[in-house]
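Structure data (mmCIF, C-alpha atoms) from coords38.cif:
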data_work
#
loop_
_atom_site.label_atom_id
_atom_site.label_comp_id
_atom_site.auth_asym_id
_atom_site.auth_seq_id
_atom_site.Cartn_x
_atom_site.Cartn_y
_atom_site.Cartn_z
CA ASN A 28 66.32 116.82 111.96
CA ARG A 29 67.47 114.27 109.39
CA ILE A 30 65.83 111.34 111.22
CA ILE A 31 62.46 113.03 110.65
CA GLU A 32 63.44 113.60 107.01
CA VAL A 33 64.01 109.84 106.62
CA GLU A 34 60.62 109.13 108.20
CA VAL A 35 58.90 111.58 105.86
CA LEU A 36 60.62 110.05 102.83
CA ASN A 37 59.46 106.57 103.91
CA ASN A 38 55.88 107.70 104.52
CA THR A 39 55.77 109.50 101.17
CA ALA A 40 57.18 106.41 99.46
CA ILE A 41 54.42 104.22 100.93
CA CYS A 42 51.77 106.66 99.70
CA LEU A 43 53.33 106.60 96.22
CA PHE A 44 53.46 102.81 96.34
CA ARG A 45 49.78 102.62 97.29
CA THR A 46 48.91 104.75 94.26
CA GLY A 47 50.96 102.59 91.89
CA LYS A 48 53.93 104.99 91.45
CA TYR A 49 56.63 102.37 92.10
CA GLU A 50 59.63 104.07 90.50
CA GLU A 51 59.00 107.36 92.29
CA SER A 52 58.47 105.46 95.53
CA LEU A 53 61.78 103.63 95.11
CA LYS A 54 63.66 106.89 94.53
CA HIS A 55 62.36 108.26 97.84
CA LEU A 56 63.43 105.08 99.63
CA GLN A 57 66.90 105.10 98.10
CA GLU A 58 67.33 108.68 99.30
CA ALA A 59 66.11 107.69 102.78
CA LEU A 60 68.55 104.75 102.85
CA GLU A 61 71.52 106.96 101.96
CA ILE A 62 70.64 109.44 104.71
CA GLY A 63 70.21 106.56 107.18
CA LYS A 64 73.64 105.17 106.31
CA LYS A 65 75.29 108.56 106.86
CA LEU A 66 73.56 108.91 110.23
CA ASP A 67 74.27 105.26 111.12
CA ALA A 68 70.62 105.06 112.18
CA THR A 69 70.05 101.32 112.14
CA THR A 70 66.33 101.39 112.98
CA THR A 71 65.49 103.75 110.13
CA LYS A 72 67.65 101.67 107.76
CA GLY A 73 65.66 98.58 108.70
CA THR A 74 62.35 100.29 107.98
CA THR A 75 63.61 101.66 104.67
CA LEU A 76 65.01 98.29 103.57
CA ASN A 77 61.71 96.57 104.34
CA ASN A 78 59.82 99.19 102.30
CA MET A 79 62.28 98.78 99.42
CA GLY A 80 61.62 95.05 99.59
CA LEU A 81 57.91 95.75 99.07
CA ILE A 82 58.63 97.70 95.89
CA TYR A 83 60.98 95.07 94.45
CA HIS A 84 58.50 92.35 95.40
CA ASN A 85 55.64 94.03 93.54
CA ARG A 86 57.89 94.45 90.51
CA GLY A 87 58.62 90.71 90.56
CA ASP A 88 62.29 91.22 91.50
CA PHE A 89 62.37 88.51 94.17
CA LYS A 90 66.17 88.43 94.49
CA ASN A 91 66.46 92.09 95.50
CA ALA A 92 63.31 91.83 97.61
CA MET A 93 64.75 88.90 99.58
CA GLU A 94 68.03 90.77 100.12
CA CYS A 95 66.18 93.82 101.44
CA TYR A 96 63.87 91.82 103.71
CA SER A 97 66.71 89.69 105.09
CA SER A 98 68.83 92.76 105.86
CA ALA A 99 65.84 94.44 107.52
CA ARG A 100 65.16 91.33 109.63
CA LYS A 101 68.78 91.24 110.85
CA ILE A 102 68.73 94.92 111.79
CA HIS A 103 65.40 94.69 113.64
CA ARG A 104 66.43 91.53 115.52
CA GLU A 105 69.71 93.14 116.65
CA ASN A 106 67.78 96.19 117.87
CA GLY A 107 65.04 94.21 119.63
CA LYS A 108 62.31 95.60 117.34
CA LYS A 109 60.07 92.55 117.45
CA ARG A 110 57.13 94.05 115.57
CA SER A 111 59.33 95.07 112.65
CA GLU A 112 61.19 91.76 112.79
CA GLY A 113 57.89 89.89 112.55
CA THR A 114 56.90 91.98 109.53
CA ALA A 115 60.20 91.24 107.78
CA ILE A 116 59.88 87.50 108.50
CA GLY A 117 56.37 87.49 107.05
CA ASN A 118 57.63 89.24 103.92
CA ILE A 119 60.44 86.70 103.55
CA GLY A 120 57.77 84.01 103.77
CA ILE A 121 55.86 85.59 100.88
CA ILE A 122 59.00 85.49 98.71
CA HIS A 123 59.43 81.79 99.52
CA LYS A 124 55.80 81.22 98.49
CA ASN A 125 56.33 83.04 95.19
CA CYS A 126 59.36 80.82 94.55
CA GLY A 127 57.30 77.66 95.24
CA GLU A 128 59.01 76.96 98.58
CA TYR A 129 55.80 76.40 100.52
CA GLU A 130 57.15 74.68 103.62
CA LYS A 131 59.78 77.39 104.16
CA SER A 132 57.03 79.95 103.68
CA LYS A 133 54.79 78.29 106.28
CA GLU A 134 57.65 78.24 108.78
CA CYS A 135 58.17 81.99 108.28
CA GLN A 136 54.48 82.80 108.62
CA MET A 137 54.10 80.70 111.76
CA GLU A 138 57.13 82.45 113.28
CA ALA A 139 55.70 85.84 112.31
CA LEU A 140 52.32 84.86 113.79
CA ARG A 141 53.98 83.81 117.06
CA ILE A 142 55.89 87.11 117.34
CA HIS A 143 52.86 89.30 116.58
CA LYS A 144 50.66 87.39 119.04
CA GLU A 145 53.36 87.68 121.70
CA ILE A 146 53.52 91.48 121.42
CA GLY A 147 49.80 92.00 120.74
CA HIS A 148 50.21 93.38 117.23
CA ARG A 149 46.83 92.46 115.80
CA VAL A 150 47.36 93.75 112.25
CA GLY A 151 50.60 91.75 112.03
CA GLU A 152 48.75 88.72 113.34
CA GLY A 153 46.09 89.25 110.66
CA LEU A 154 48.74 89.46 107.94
CA ALA A 155 50.33 86.19 109.04
CA LEU A 156 46.90 84.52 108.99
CA LEU A 157 46.20 85.97 105.53
CA ASN A 158 49.52 84.65 104.24
CA LEU A 159 48.89 81.20 105.72
CA GLY A 160 45.49 81.21 104.03
CA ASN A 161 47.18 82.00 100.72
CA LEU A 162 49.57 79.09 101.16
CA TYR A 163 46.84 76.56 101.90
CA ARG A 164 44.73 77.88 99.03
CA VAL A 165 47.61 77.35 96.60
CA GLU A 166 47.88 73.78 97.94
CA ASN A 167 44.11 73.39 97.35
CA ASN A 168 43.39 72.90 101.04
CA LEU A 169 40.41 75.22 100.70
CA HIS A 170 38.73 74.49 104.02
CA ARG A 171 41.85 75.33 106.00
CA ALA A 172 42.57 78.36 103.82
CA GLU A 173 39.09 79.77 104.39
CA GLY A 174 39.49 79.32 108.14
CA TYR A 175 42.67 81.41 108.13
CA TYR A 176 41.03 84.03 105.89
CA ASN A 177 37.99 84.42 108.13
CA ASN A 178 40.18 84.89 111.21
CA ALA A 179 42.26 87.47 109.34
CA LEU A 180 39.13 89.27 108.11
CA LYS A 181 37.86 89.60 111.68
CA LEU A 182 41.14 91.15 112.83
CA PHE A 183 41.37 93.58 109.89
CA ARG A 184 37.81 94.78 110.42
CA GLU A 185 38.38 95.26 114.14
CA THR A 186 41.57 97.26 113.52
CA GLY A 187 40.19 99.25 110.55
CA ASP A 188 42.78 97.90 108.12
CA ARG A 189 40.77 98.33 104.92
CA VAL A 190 43.62 97.57 102.50
CA ASN A 191 44.10 94.09 103.89
CA GLU A 192 40.37 93.61 104.40
CA CYS A 193 40.10 94.11 100.64
CA ALA A 194 42.77 91.45 100.02
CA VAL A 195 41.02 88.90 102.24
CA LEU A 196 37.61 89.47 100.64
CA SER A 197 39.14 88.95 97.19
CA ASN A 198 40.87 85.74 98.28
CA ILE A 199 37.70 84.32 99.84
CA GLY A 200 36.10 85.05 96.46
CA LYS A 201 38.81 82.94 94.81
CA ILE A 202 37.96 80.01 97.07
CA HIS A 203 34.27 80.16 96.11
CA MET A 204 35.26 80.43 92.45
CA VAL A 205 37.38 77.26 92.65
CA LYS A 206 34.44 75.51 94.33
CA GLY A 207 32.20 76.59 91.45
CA GLU A 208 30.14 78.82 93.74
CA TYR A 209 30.08 81.70 91.29
CA ILE A 210 27.38 83.82 92.94
CA LYS A 211 29.25 83.80 96.27
CA ALA A 212 32.54 84.47 94.49
CA MET A 213 31.13 87.53 92.71
CA LEU A 214 29.62 88.80 95.97
CA TYR A 215 33.03 88.80 97.65
CA TYR A 216 34.74 90.29 94.60
CA GLU A 217 32.20 93.12 94.44
CA LYS A 218 32.67 93.89 98.14
CA ALA A 219 36.44 93.97 97.65
CA LEU A 220 36.17 96.12 94.52
CA ALA A 221 33.94 98.70 96.22
CA LEU A 222 36.30 98.86 99.18
CA CYS A 223 39.52 99.31 97.18
CA ARG A 224 37.89 102.03 95.06
CA ASN A 225 36.74 103.78 98.21
CA ILE A 226 40.27 103.90 99.60
CA GLY A 227 41.91 104.69 96.23
CA ASP A 228 44.04 101.56 95.81
CA PRO A 229 44.57 101.01 92.04
CA TYR A 230 46.85 98.01 92.51
CA SER A 231 44.18 96.08 94.44
CA GLU A 232 41.52 97.24 92.00
CA ALA A 233 43.55 95.83 89.09
CA VAL A 234 43.95 92.48 90.88
CA ILE A 235 40.23 92.21 91.66
CA LEU A 236 39.16 93.20 88.13
CA ASN A 237 41.45 90.46 86.83
CA ASN A 238 39.78 87.98 89.20
CA ILE A 239 36.33 89.11 88.05
CA GLY A 240 37.46 88.71 84.44
CA LEU A 241 38.53 85.13 85.16
CA LEU A 242 35.17 84.47 86.81
CA ASN A 243 33.39 85.87 83.73
CA MET A 244 35.43 83.46 81.60
CA GLU A 245 34.48 80.52 83.81
CA LYS A 246 30.81 81.45 83.32
CA GLY A 247 31.30 81.77 79.55
CA ASP A 248 30.60 85.52 79.53
CA TYR A 249 33.57 86.46 77.35
CA LYS A 250 32.37 89.98 76.54
CA LYS A 251 32.35 90.98 80.21
CA ALA A 252 35.60 89.10 80.75
CA ILE A 253 37.37 91.18 78.10
CA GLU A 254 35.94 94.41 79.54
CA ASN A 255 37.16 93.65 83.06
CA LEU A 256 40.54 92.33 81.93
CA ASN A 257 41.10 95.45 79.81
CA ARG A 258 40.19 97.68 82.75
CA SER A 259 42.61 95.74 84.93
CA ASN A 260 45.36 96.12 82.35
CA GLU A 261 44.77 99.88 82.07
CA LEU A 262 45.31 100.27 85.81
CA CYS A 263 48.62 98.39 85.56
CA LEU A 264 50.04 100.74 82.90
#
Taking this structure as input, can you express it in the form of structure tokens?
Amino acid sequence: NRIIEVEVLNNTAICLFRTGKYEESLKHLQEALEIGKKLDATTTKGTTLNNMGLIYHNRGDFKNAMECYSSARKIHRENGKKRSEGTAIGNIGIIHKNCGEYEKSKECQMEALRIHKEIGHRVGEGLALLNLGNLYRVENNLHRAEGYYNNALKLFRETGDRVNECAVLSNIGKIHMVKGEYIKAMLYYEKALALCRNIGDPYSEAVILNNIGLLNMEKGDYKKAIENLNRSNELCL
């Protein structure tokens, strides 16, 4: 069954992505997309395109990421797949944020939040809240950002989503760092670091070690800063 083959290729690609093997992940997704086109299986094409968008996004290729996400959104909307549509909309919002288009990004995240609430998809709801928190943090509205983060953290813990729990903990740490609350910041970073190591997520570990390095710099501990930044860099290679 070639539909199952496409599903397996997508699942394998996500596992490769989570372990930092982006090129290998992309090859699996390109193969899945070609099979999906031959079968004219629109739902599987939408899933594959969204996953390809994730890879391009993490490589900083926002143009290709936006094309993949937008195509996935169109396919999922036409097929009435609201959960997948909400995911694609949220991902489009992240691209807008990365391009400095904050209002467009907020509109996307609010639409994604509405869709996920409507269908009772709690992880999707948590992701939209996390993304809104990121937007308000970038705008230095720290109080509002922390409110979104805490709501997202509650949902991720209740649903057992440890990858995104790790992301929220790290971002709450960033808020405390900006406030100059270094002890609290380090506490959240250490919780996030322990969690991402436990689940074997080198990408998240690299991000958190970079954050810890920046915190070390803020405190004037340059020796520790260099150690953590070097460790972060090694994980990115």
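Of the residues listed (A:Val190, A:Asn237, A:Arg141, A:Tyr129), A:Tyr129 shows the shortest atom-to-atom separation from Asn161 in chain A; distances use all atoms listed in the file.
You will find CA of Thr75 in chain A at 16.8 Å from CA of Gly107 in chain A.
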Here's the selection I'm unsure about, the PyMOL selection byres ((chain A and resi 89-93) around 9); applied to the file above, which residues does it give, as a VMD selection string?
chain A and resid 76 to 77 79 to 88 94 to 98 118 to 119 122 to 123 125 to 126
I'd like to see the residues matched by the PyMOL selection byres ((chain A and resi 198-214) around 7) on this file, and ideally I'd get them as JSON, numbers by chain.
{"A": [169, 173, 176, 194, 195, 196, 197, 215, 216, 217, 218, 242]}
Export, as a compact mmCIF listing (two decimals), in the frame of the given file, the selected residues with C-alpha atoms.
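Printed below is result00.txt as written:
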# COMPACT_ATOMS: atom_id res chain seq x y z
CA LEU A 169 40.41 75.22 100.70
CA GLU A 173 39.09 79.77 104.39
CA TYR A 176 41.03 84.03 105.89
CA ALA A 194 42.77 91.45 100.02
CA VAL A 195 41.02 88.90 102.24
CA LEU A 196 37.61 89.47 100.64
CA SER A 197 39.14 88.95 97.19
CA TYR A 215 33.03 88.80 97.65
CA TYR A 216 34.74 90.29 94.60
CA GLU A 217 32.20 93.12 94.44
CA LYS A 218 32.67 93.89 98.14
CA LEU A 242 35.17 84.47 86.81
Show me, as AutoDock Vina command-line options, the centre and edge lengths in Å to one decimal of the axis-aligned box that covers every listed atom of range 241-254 of chain A with 6 Å on each side.
--center_x 34.6 --center_y 87.5 --center_z 81.7 --size_x 19.9 --size_y 25.9 --size_z 22.3
Calculated over only C-alpha atoms, which of the candidates A:Glu32, A:Glu50, A:Glu152, A:Asp248 has the smallest distance to Ala139 in chain A?
A:Glu152
Translate the PyMOL selection byres ((chain A and resi 230) around 12), as applied to the file shown, into an explicit residue set as a ChimeraX atom specification.
/A:43-49,85-86,190,193-194,220,223-224,226-229,231-237,258-264
Leu162 in chain A surroundings by all atoms listed in the file, 8 Å radius, close-in-sequence under 5 positions cut, as an MDAnalysis selection string
chainID A and resid 124 129 132:133 172
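Here CA of Ala155 in chain A is placed at a distance of 22.5 Å from CA of Cys42 in chain A.
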Residues at most 10 Å from Gln57 in chain A, counting only C-alpha atoms, excluding those fewer than 4 positions away in the same chain, as a PyMOL selection string?
chain A and resi 36-37+40+52-53+61-63+75-76+79
Counting all atoms listed in the file, the residue of A:Gly187, A:Gly113, A:Gly151, A:Gly240 that sits nearest Asn257 in chain A
A:Gly240
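Between CA of Leu182 in chain A and CA of Asn38 in chain A lies a distance of 23.7 Å.
Residues with any atom within 9 Å of range 145-150 of chain A, counting all atoms listed in the file and excluding same-chain neighbours fewer than 4 positions away, are Lys109, Arg110, Leu140, Arg141, Leu154, Ala155, Ala179, Leu182, Phe183, Thr186, Asp188 and Asn191 of chain A.
Considering only C-alpha atoms, the residue among A:Leu66, A:Ile41, A:Cys135, A:Leu157 positioned nearest to Glu192 in chain A is A:Leu157.
When all atoms listed in the file are used to measure the gap to Lys54 in chain A, the shortest distance among A:Asn78, A:Lys251, A:Ile31, A:Glu138 belongs to A:Asn78.
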